[in-house]
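Reviewing the structure listed below.
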Amino acid sequence: MKDYIVGLGEILFDCLPDGKKLGGAPANFAYHASQFGLNGIAVSAIGNDADGEKIKKILKEQGANSHLETVDFPTGTVQVTLSGNGIPQYDICLGVAYDNIPWTPAIEEIAKNARAVCFGSLAQRTAVTRSTVQKFLDTMPQLGTLKVFDINLRQNWYSKEVIEESLRRCNVLKINDEEIIMVCKLLDLGDIEGVDPQNELLQPVSFEDQVRDLIRIYDLQMVVLTCGAFGSYVVTLDDLSFQATPKVKVADTVGAGDSFTGSFVACVLNGKPIAVAHETAVKVSAFVCSQNGAMPQIPEELTK
């Protein structure tokens, strides 16, 4: 079975005070897309080390399909420390395996047979992986595929050049309410007013012009804008879908955004209207927030 739904980019361990936890959006995205009957696969790189072996073991136990190149760099890690008042601080280590994902015949073959890919900005902070991401996008079939730029701005690991090159190659942008303000300033698209104090929702009047400018300038099919507890939007040139964020008892939010993206893409590829795909993605994300860990089994009433 081909028709791959690809999560492309970083795979790593978050090194927390109480131990290591698997991180990185690509595996989460691919896993959740696969729960809708699609052929999800995470594509990244690991080191020839114990952490790399542990990642393969965890993914196998979760039933998550992957293609991980082994390279001469350590498996990616994020060092998480807590300040005196318990606020986490992150050090995203540079010079790791996912910074050096090589362009190989195996990855080229996946690209040629991909129906969709989701990629971000973090893994493109170095020339090697950036080149592989760009070649992957250029090698994919150009008609009928989704190329999702889930921007995921992290610390200072992004640049205007990377964002613009990614926007030129994608056809769907996924972004959150903080990132849309930063990106519009970076690309000189004007200021966004932000949260409306009257109803605590980011109103379309606040961002609609800039988002549609992004769609026109970069020839996008749509922009998916998530605003945390204040809801989410899917914007096209001609339409706008809004979904409120359900209130749930939160276990943790790890992987919730990736589950949103994976389920939304899966529903669109399965022929669902954007509004239905959006509604399903919100419900799946809320369910993941109510569970521990990034890869819970999604209930059948949502995936069917």
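To be explicit about the labels: the chains of the structure tokens are called A, B, and onward in the order shown, and within each one the residues are counted from 1, while ligands get numbers from 1 in the order they are shown.
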
*Find the residues around range 256-268 of chain A up to 9 Å (only C-alpha atoms counted), leave out those fewer than 3 positions away in its own chain, and share them as JSON, numbers by chain.*
{"A": [5, 25, 26, 27, 28, 29, 30, 31, 32, 33, 34, 35, 36, 37, 38, 116, 118, 146, 148, 150, 174, 224, 226, 252, 253, 271, 272, 273, 274, 276, 277, 278, 279, 280, 281, 282, 283, 284, 285, 286, 287, 288, 289, 294, 295, 303]}

*Identify all residues of range 65-187 of chain A in helix (DSSP H, G or I) (DSSP on the backbone) and supply them as a ChimeraX atom specification.*
/A:97-100,105-112,122-125,127-139,160-169,177-186

*Near Lys160 in chain A, within 10 Å and counting only C-alpha atoms, which residues show up once chain neighbours fewer than 2 positions away are dropped, as an MDAnalysis selection string?*
chainID A and resid 158 162:166 183 186:187

Save out the residues we just selected, N, CA, C and O atoms, as a PDB file, in the first residue's frame.
```pdb
ATOM      1  N   TYR A 158      13.848  29.907  13.262  1.00  0.00           N
ATOM      2  CA  TYR A 158      13.135  30.125  12.008  1.00  0.00           C
ATOM      3  C   TYR A 158      13.654  31.423  11.401  1.00  0.00           C
ATOM      4  O   TYR A 158      14.323  32.224  12.058  1.00  0.00           O
ATOM      5  N   VAL A 162      13.050  30.890   5.309  1.00  0.00           N
ATOM      6  CA  VAL A 162      12.467  29.554   5.444  1.00  0.00           C
ATOM      7  C   VAL A 162      10.949  29.621   5.368  1.00  0.00           C
ATOM      8  O   VAL A 162      10.301  28.790   4.709  1.00  0.00           O
ATOM      9  N   ILE A 163      10.358  30.601   6.022  1.00  0.00           N
ATOM     10  CA  ILE A 163       8.896  30.731   6.008  1.00  0.00           C
ATOM     11  C   ILE A 163       8.401  30.999   4.594  1.00  0.00           C
ATOM     12  O   ILE A 163       7.442  30.373   4.123  1.00  0.00           O
ATOM     13  N   GLU A 164       9.055  31.920   3.881  1.00  0.00           N
ATOM     14  CA  GLU A 164       8.599  32.242   2.530  1.00  0.00           C
ATOM     15  C   GLU A 164       8.785  31.071   1.577  1.00  0.00           C
ATOM     16  O   GLU A 164       7.888  30.780   0.760  1.00  0.00           O
ATOM     17  N   GLU A 165       9.921  30.376   1.651  1.00  0.00           N
ATOM     18  CA  GLU A 165      10.134  29.220   0.784  1.00  0.00           C
ATOM     19  C   GLU A 165       9.106  28.123   1.075  1.00  0.00           C
ATOM     20  O   GLU A 165       8.628  27.447   0.158  1.00  0.00           O
ATOM     21  N   SER A 166       8.775  27.939   2.337  1.00  0.00           N
ATOM     22  CA  SER A 166       7.788  26.923   2.710  1.00  0.00           C
ATOM     23  C   SER A 166       6.397  27.307   2.220  1.00  0.00           C
ATOM     24  O   SER A 166       5.642  26.455   1.733  1.00  0.00           O
ATOM     25  N   VAL A 183       3.979  36.213  11.955  1.00  0.00           N
ATOM     26  CA  VAL A 183       4.217  36.017  10.525  1.00  0.00           C
ATOM     27  C   VAL A 183       3.755  37.229   9.719  1.00  0.00           C
ATOM     28  O   VAL A 183       4.438  37.662   8.778  1.00  0.00           O
ATOM     29  N   LEU A 186       6.356  39.799  10.093  1.00  0.00           N
ATOM     30  CA  LEU A 186       7.573  39.406   9.388  1.00  0.00           C
ATOM     31  C   LEU A 186       7.436  39.609   7.887  1.00  0.00           C
ATOM     32  O   LEU A 186       8.380  40.014   7.202  1.00  0.00           O
ATOM     33  N   LEU A 187       6.228  39.339   7.346  1.00  0.00           N
ATOM     34  CA  LEU A 187       5.992  39.434   5.906  1.00  0.00           C
ATOM     35  C   LEU A 187       5.360  40.765   5.500  1.00  0.00           C
ATOM     36  O   LEU A 187       4.919  40.917   4.356  1.00  0.00           O
TER      37      LEU A 187
END
```

*Neighbours of Val80 in chain A within 9 Å (only C-alpha atoms; same-chain residues fewer than 5 positions away dropped), as a count of residues only?*
9

_What's around Asp188 in chain A at 12 Å? Count only C-alpha atoms, leave out sequence neighbours fewer than 5 positions away in its own chain, and write the answer as a ChimeraX atom specification._
/A:160,180-183,210,213-214

Would you mind exporting N, CA, C and O atoms of the selected residues as a PDB file, in the first residue's frame?
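Everything below was put into out-v6.pdb:
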```pdb
ATOM      1  N   LYS A 160      12.733  34.437   7.974  1.00  0.00           N
ATOM      2  CA  LYS A 160      11.814  34.891   6.926  1.00  0.00           C
ATOM      3  C   LYS A 160      12.008  34.063   5.662  1.00  0.00           C
ATOM      4  O   LYS A 160      11.044  33.684   4.995  1.00  0.00           O
ATOM      5  N   ILE A 180       0.336  33.773  13.830  1.00  0.00           N
ATOM      6  CA  ILE A 180      -0.194  34.579  12.728  1.00  0.00           C
ATOM      7  C   ILE A 180       0.197  36.046  12.893  1.00  0.00           C
ATOM      8  O   ILE A 180       0.509  36.745  11.922  1.00  0.00           O
ATOM      9  N   ILE A 181       0.240  36.521  14.138  1.00  0.00           N
ATOM     10  CA  ILE A 181       0.659  37.897  14.396  1.00  0.00           C
ATOM     11  C   ILE A 181       2.127  38.073  14.026  1.00  0.00           C
ATOM     12  O   ILE A 181       2.512  39.047  13.359  1.00  0.00           O
ATOM     13  N   MET A 182       2.967  37.123  14.435  1.00  0.00           N
ATOM     14  CA  MET A 182       4.407  37.193  14.146  1.00  0.00           C
ATOM     15  C   MET A 182       4.668  37.112  12.642  1.00  0.00           C
ATOM     16  O   MET A 182       5.493  37.865  12.104  1.00  0.00           O
ATOM     17  N   VAL A 183       3.979  36.213  11.955  1.00  0.00           N
ATOM     18  CA  VAL A 183       4.217  36.017  10.525  1.00  0.00           C
ATOM     19  C   VAL A 183       3.755  37.229   9.719  1.00  0.00           C
ATOM     20  O   VAL A 183       4.438  37.662   8.778  1.00  0.00           O
ATOM     21  N   GLN A 210      -5.585  39.748   6.259  1.00  0.00           N
ATOM     22  CA  GLN A 210      -4.205  39.265   6.179  1.00  0.00           C
ATOM     23  C   GLN A 210      -4.145  37.806   5.770  1.00  0.00           C
ATOM     24  O   GLN A 210      -3.279  37.406   4.987  1.00  0.00           O
ATOM     25  N   ASP A 213      -4.800  37.590   2.181  1.00  0.00           N
ATOM     26  CA  ASP A 213      -3.593  38.043   1.471  1.00  0.00           C
ATOM     27  C   ASP A 213      -2.583  36.905   1.362  1.00  0.00           C
ATOM     28  O   ASP A 213      -1.973  36.696   0.306  1.00  0.00           O
ATOM     29  N   LEU A 214      -2.398  36.153   2.467  1.00  0.00           N
ATOM     30  CA  LEU A 214      -1.499  35.001   2.426  1.00  0.00           C
ATOM     31  C   LEU A 214      -1.966  33.994   1.378  1.00  0.00           C
ATOM     32  O   LEU A 214      -1.157  33.441   0.616  1.00  0.00           O
TER      33      LEU A 214
END
```

*asked:* Give me the residues near range 125-142 of chain A as an MDAnalysis selection string, where near means some atom within 10 Å (using only C-alpha atoms) and where sequence neighbours in that chain fewer than 2 positions away do not count.
replied: chainID A and resid 8:10 44:45 94:95 97:104 107:123 144:147 156:159 162 165:166 169:170

Same residues, C-alpha atoms, output as an mmCIF file, in the first residue's frame:
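Output (again11.cif):
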```cif
data_model
loop_
_atom_site.group_PDB
_atom_site.id
_atom_site.type_symbol
_atom_site.label_atom_id
_atom_site.label_comp_id
_atom_site.auth_asym_id
_atom_site.auth_seq_id
_atom_site.Cartn_x
_atom_site.Cartn_y
_atom_site.Cartn_z
ATOM 1 C CA LEU A 8 8.304 14.954 7.678
ATOM 2 C CA GLY A 9 10.811 16.524 10.047
ATOM 3 C CA GLU A 10 11.916 16.346 13.660
ATOM 4 C CA SER A 44 12.938 11.609 9.965
ATOM 5 C CA ALA A 45 16.431 10.639 11.137
ATOM 6 C CA LEU A 94 21.336 21.755 17.618
ATOM 7 C CA GLY A 95 23.471 19.422 15.499
ATOM 8 C CA ALA A 97 19.980 13.653 13.684
ATOM 9 C CA TYR A 98 16.822 15.388 12.442
ATOM 10 C CA ASP A 99 18.973 18.401 11.443
ATOM 11 C CA ASN A 100 20.669 16.025 8.994
ATOM 12 C CA ILE A 101 17.897 14.069 7.264
ATOM 13 C CA PRO A 102 19.533 12.949 3.988
ATOM 14 C CA TRP A 103 17.830 12.839 0.608
ATOM 15 C CA THR A 104 17.917 9.121 -0.179
ATOM 16 C CA ILE A 107 12.749 8.961 0.846
ATOM 17 C CA GLU A 108 12.435 9.937 -2.819
ATOM 18 C CA GLU A 109 10.231 6.878 -3.385
ATOM 19 C CA ILE A 110 7.999 7.892 -0.464
ATOM 20 C CA ALA A 111 7.707 11.402 -1.914
ATOM 21 C CA LYS A 112 6.706 10.086 -5.347
ATOM 22 C CA ASN A 113 3.898 8.094 -3.719
ATOM 23 C CA ALA A 114 2.683 10.662 -1.177
ATOM 24 C CA ARG A 115 -0.905 11.948 -1.091
ATOM 25 C CA ALA A 116 -0.115 14.422 1.653
ATOM 26 C CA VAL A 117 2.769 15.718 3.727
ATOM 27 C CA CYS A 118 2.929 17.804 6.880
ATOM 28 C CA PHE A 119 6.145 19.695 7.630
ATOM 29 C CA GLY A 120 7.233 22.587 9.830
ATOM 30 C CA SER A 121 9.957 25.171 10.308
ATOM 31 C CA LEU A 122 12.063 23.663 13.112
ATOM 32 C CA ALA A 123 13.610 20.827 11.097
ATOM 33 C CA GLY A 144 -4.482 16.235 -5.940
ATOM 34 C CA THR A 145 -1.998 16.266 -3.049
ATOM 35 C CA LEU A 146 -1.960 18.260 0.185
ATOM 36 C CA LYS A 147 1.248 19.956 1.319
ATOM 37 C CA ASN A 156 14.495 31.592 17.330
ATOM 38 C CA TRP A 157 14.790 28.549 15.059
ATOM 39 C CA TYR A 158 13.135 30.125 12.008
ATOM 40 C CA SER A 159 13.765 32.837 9.444
ATOM 41 C CA VAL A 162 12.467 29.554 5.444
ATOM 42 C CA GLU A 165 10.134 29.220 0.784
ATOM 43 C CA SER A 166 7.788 26.923 2.710
ATOM 44 C CA ARG A 169 5.819 25.137 -1.763
ATOM 45 C CA CYS A 170 2.792 24.336 0.425
#
```

*All residues 12 Å or closer to Ile215 in chain A, only C-alpha atoms, same chain fewer than 2 positions away omitted, as a list of chain:residue names*: A:Leu167, A:Arg168, A:Cys170, A:Asn171, A:Val172, A:Leu173, A:Lys174, A:Leu189, A:Glu208, A:Asp209, A:Gln210, A:Val211, A:Arg212, A:Asp213, A:Ile217, A:Tyr218, A:Asp219, A:Leu220, A:Gln221, A:Met222, A:Val223, A:Val224, A:Val234, A:Val235, A:Thr236, A:Leu237, A:Asp238

*Sel. of strand (DSSP E) residues, range 13-254 of chain A, as a ChimeraX atom specification*: /A:13-16,19-23,39-47,66-71,76-82,88-92,114-119,146-150,172-176,222-226,232-235,240-243

Output C-alpha atoms of each residue in that selection to a file, as a PDB file, in the first residue's frame.
```pdb
ATOM      1  CA  PHE A  13      13.059  13.101  23.074  1.00  0.00           C
ATOM      2  CA  ASP A  14      11.859  15.791  25.466  1.00  0.00           C
ATOM      3  CA  CYS A  15      14.216  15.343  28.412  1.00  0.00           C
ATOM      4  CA  LEU A  16      12.053  16.237  31.404  1.00  0.00           C
ATOM      5  CA  GLY A  19      12.393  11.257  32.401  1.00  0.00           C
ATOM      6  CA  LYS A  20      12.309  11.246  28.581  1.00  0.00           C
ATOM      7  CA  LYS A  21       9.163  11.537  26.478  1.00  0.00           C
ATOM      8  CA  LEU A  22       8.925  10.993  22.709  1.00  0.00           C
ATOM      9  CA  GLY A  23       8.366  14.263  20.878  1.00  0.00           C
ATOM     10  CA  ASN A  39      -1.207   5.063   5.195  1.00  0.00           C
ATOM     11  CA  GLY A  40       0.489   7.403   7.664  1.00  0.00           C
ATOM     12  CA  ILE A  41       4.279   7.358   7.923  1.00  0.00           C
ATOM     13  CA  ALA A  42       6.781   9.482   9.851  1.00  0.00           C
ATOM     14  CA  VAL A  43       9.969  10.353   7.961  1.00  0.00           C
ATOM     15  CA  SER A  44      12.938  11.609   9.965  1.00  0.00           C
ATOM     16  CA  ALA A  45      16.431  10.639  11.137  1.00  0.00           C
ATOM     17  CA  ILE A  46      17.868   9.130  14.310  1.00  0.00           C
ATOM     18  CA  GLY A  47      21.364   8.532  15.587  1.00  0.00           C
ATOM     19  CA  SER A  66       7.999   5.222  10.145  1.00  0.00           C
ATOM     20  CA  HIS A  67      11.016   5.550   7.893  1.00  0.00           C
ATOM     21  CA  LEU A  68      13.963   6.724   9.996  1.00  0.00           C
ATOM     22  CA  GLU A  69      17.371   7.230   8.383  1.00  0.00           C
ATOM     23  CA  THR A  70      20.312   6.447  10.702  1.00  0.00           C
ATOM     24  CA  VAL A  71      22.946   9.198  10.561  1.00  0.00           C
ATOM     25  CA  GLY A  76      17.416  14.732  18.761  1.00  0.00           C
ATOM     26  CA  THR A  77      16.687  15.954  22.276  1.00  0.00           C
ATOM     27  CA  VAL A  78      15.081  18.942  23.953  1.00  0.00           C
ATOM     28  CA  GLN A  79      16.391  19.684  27.433  1.00  0.00           C
ATOM     29  CA  VAL A  80      13.535  20.819  29.664  1.00  0.00           C
ATOM     30  CA  THR A  81      14.384  22.464  32.986  1.00  0.00           C
ATOM     31  CA  LEU A  82      12.129  24.063  35.571  1.00  0.00           C
ATOM     32  CA  PRO A  88       9.572  25.147  32.097  1.00  0.00           C
ATOM     33  CA  GLN A  89      12.485  26.372  30.007  1.00  0.00           C
ATOM     34  CA  TYR A  90      13.521  24.649  26.774  1.00  0.00           C
ATOM     35  CA  ASP A  91      16.857  24.125  25.090  1.00  0.00           C
ATOM     36  CA  ILE A  92      16.293  22.612  21.633  1.00  0.00           C
ATOM     37  CA  ALA A 114       2.683  10.662  -1.177  1.00  0.00           C
ATOM     38  CA  ARG A 115      -0.905  11.948  -1.091  1.00  0.00           C
ATOM     39  CA  ALA A 116      -0.115  14.422   1.653  1.00  0.00           C
ATOM     40  CA  VAL A 117       2.769  15.718   3.727  1.00  0.00           C
ATOM     41  CA  CYS A 118       2.929  17.804   6.880  1.00  0.00           C
ATOM     42  CA  PHE A 119       6.145  19.695   7.630  1.00  0.00           C
ATOM     43  CA  LEU A 146      -1.960  18.260   0.185  1.00  0.00           C
ATOM     44  CA  LYS A 147       1.248  19.956   1.319  1.00  0.00           C
ATOM     45  CA  VAL A 148       0.618  21.227   4.827  1.00  0.00           C
ATOM     46  CA  PHE A 149       3.014  23.746   6.358  1.00  0.00           C
ATOM     47  CA  ASP A 150       2.308  23.400  10.097  1.00  0.00           C
ATOM     48  CA  VAL A 172      -2.243  24.544   3.196  1.00  0.00           C
ATOM     49  CA  LEU A 173      -0.931  26.655   6.066  1.00  0.00           C
ATOM     50  CA  LYS A 174      -1.667  25.686   9.668  1.00  0.00           C
ATOM     51  CA  ILE A 175      -0.850  28.381  12.197  1.00  0.00           C
ATOM     52  CA  ASN A 176      -1.920  29.498  15.671  1.00  0.00           C
ATOM     53  CA  MET A 222      -6.679  27.303   2.752  1.00  0.00           C
ATOM     54  CA  VAL A 223      -5.324  28.530   6.066  1.00  0.00           C
ATOM     55  CA  VAL A 224      -6.136  26.662   9.292  1.00  0.00           C
ATOM     56  CA  LEU A 225      -5.921  29.020  12.271  1.00  0.00           C
ATOM     57  CA  THR A 226      -6.141  27.600  15.804  1.00  0.00           C
ATOM     58  CA  SER A 232     -10.378  27.634  15.391  1.00  0.00           C
ATOM     59  CA  TYR A 233     -10.948  28.749  11.804  1.00  0.00           C
ATOM     60  CA  VAL A 234     -10.467  27.321   8.341  1.00  0.00           C
ATOM     61  CA  VAL A 235     -10.250  30.134   5.798  1.00  0.00           C
ATOM     62  CA  LEU A 240     -14.702  30.696   6.499  1.00  0.00           C
ATOM     63  CA  SER A 241     -15.456  27.872   8.939  1.00  0.00           C
ATOM     64  CA  PHE A 242     -15.436  28.445  12.702  1.00  0.00           C
ATOM     65  CA  GLN A 243     -15.550  25.833  15.453  1.00  0.00           C
TER      66      GLN A 243
END
```

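Of the listed residues (A:Asp72, A:Glu179, A:Asp18, A:Asp239), A:Asp72 comes nearest to Asp49 in chain A; the distances count only C-alpha atoms.
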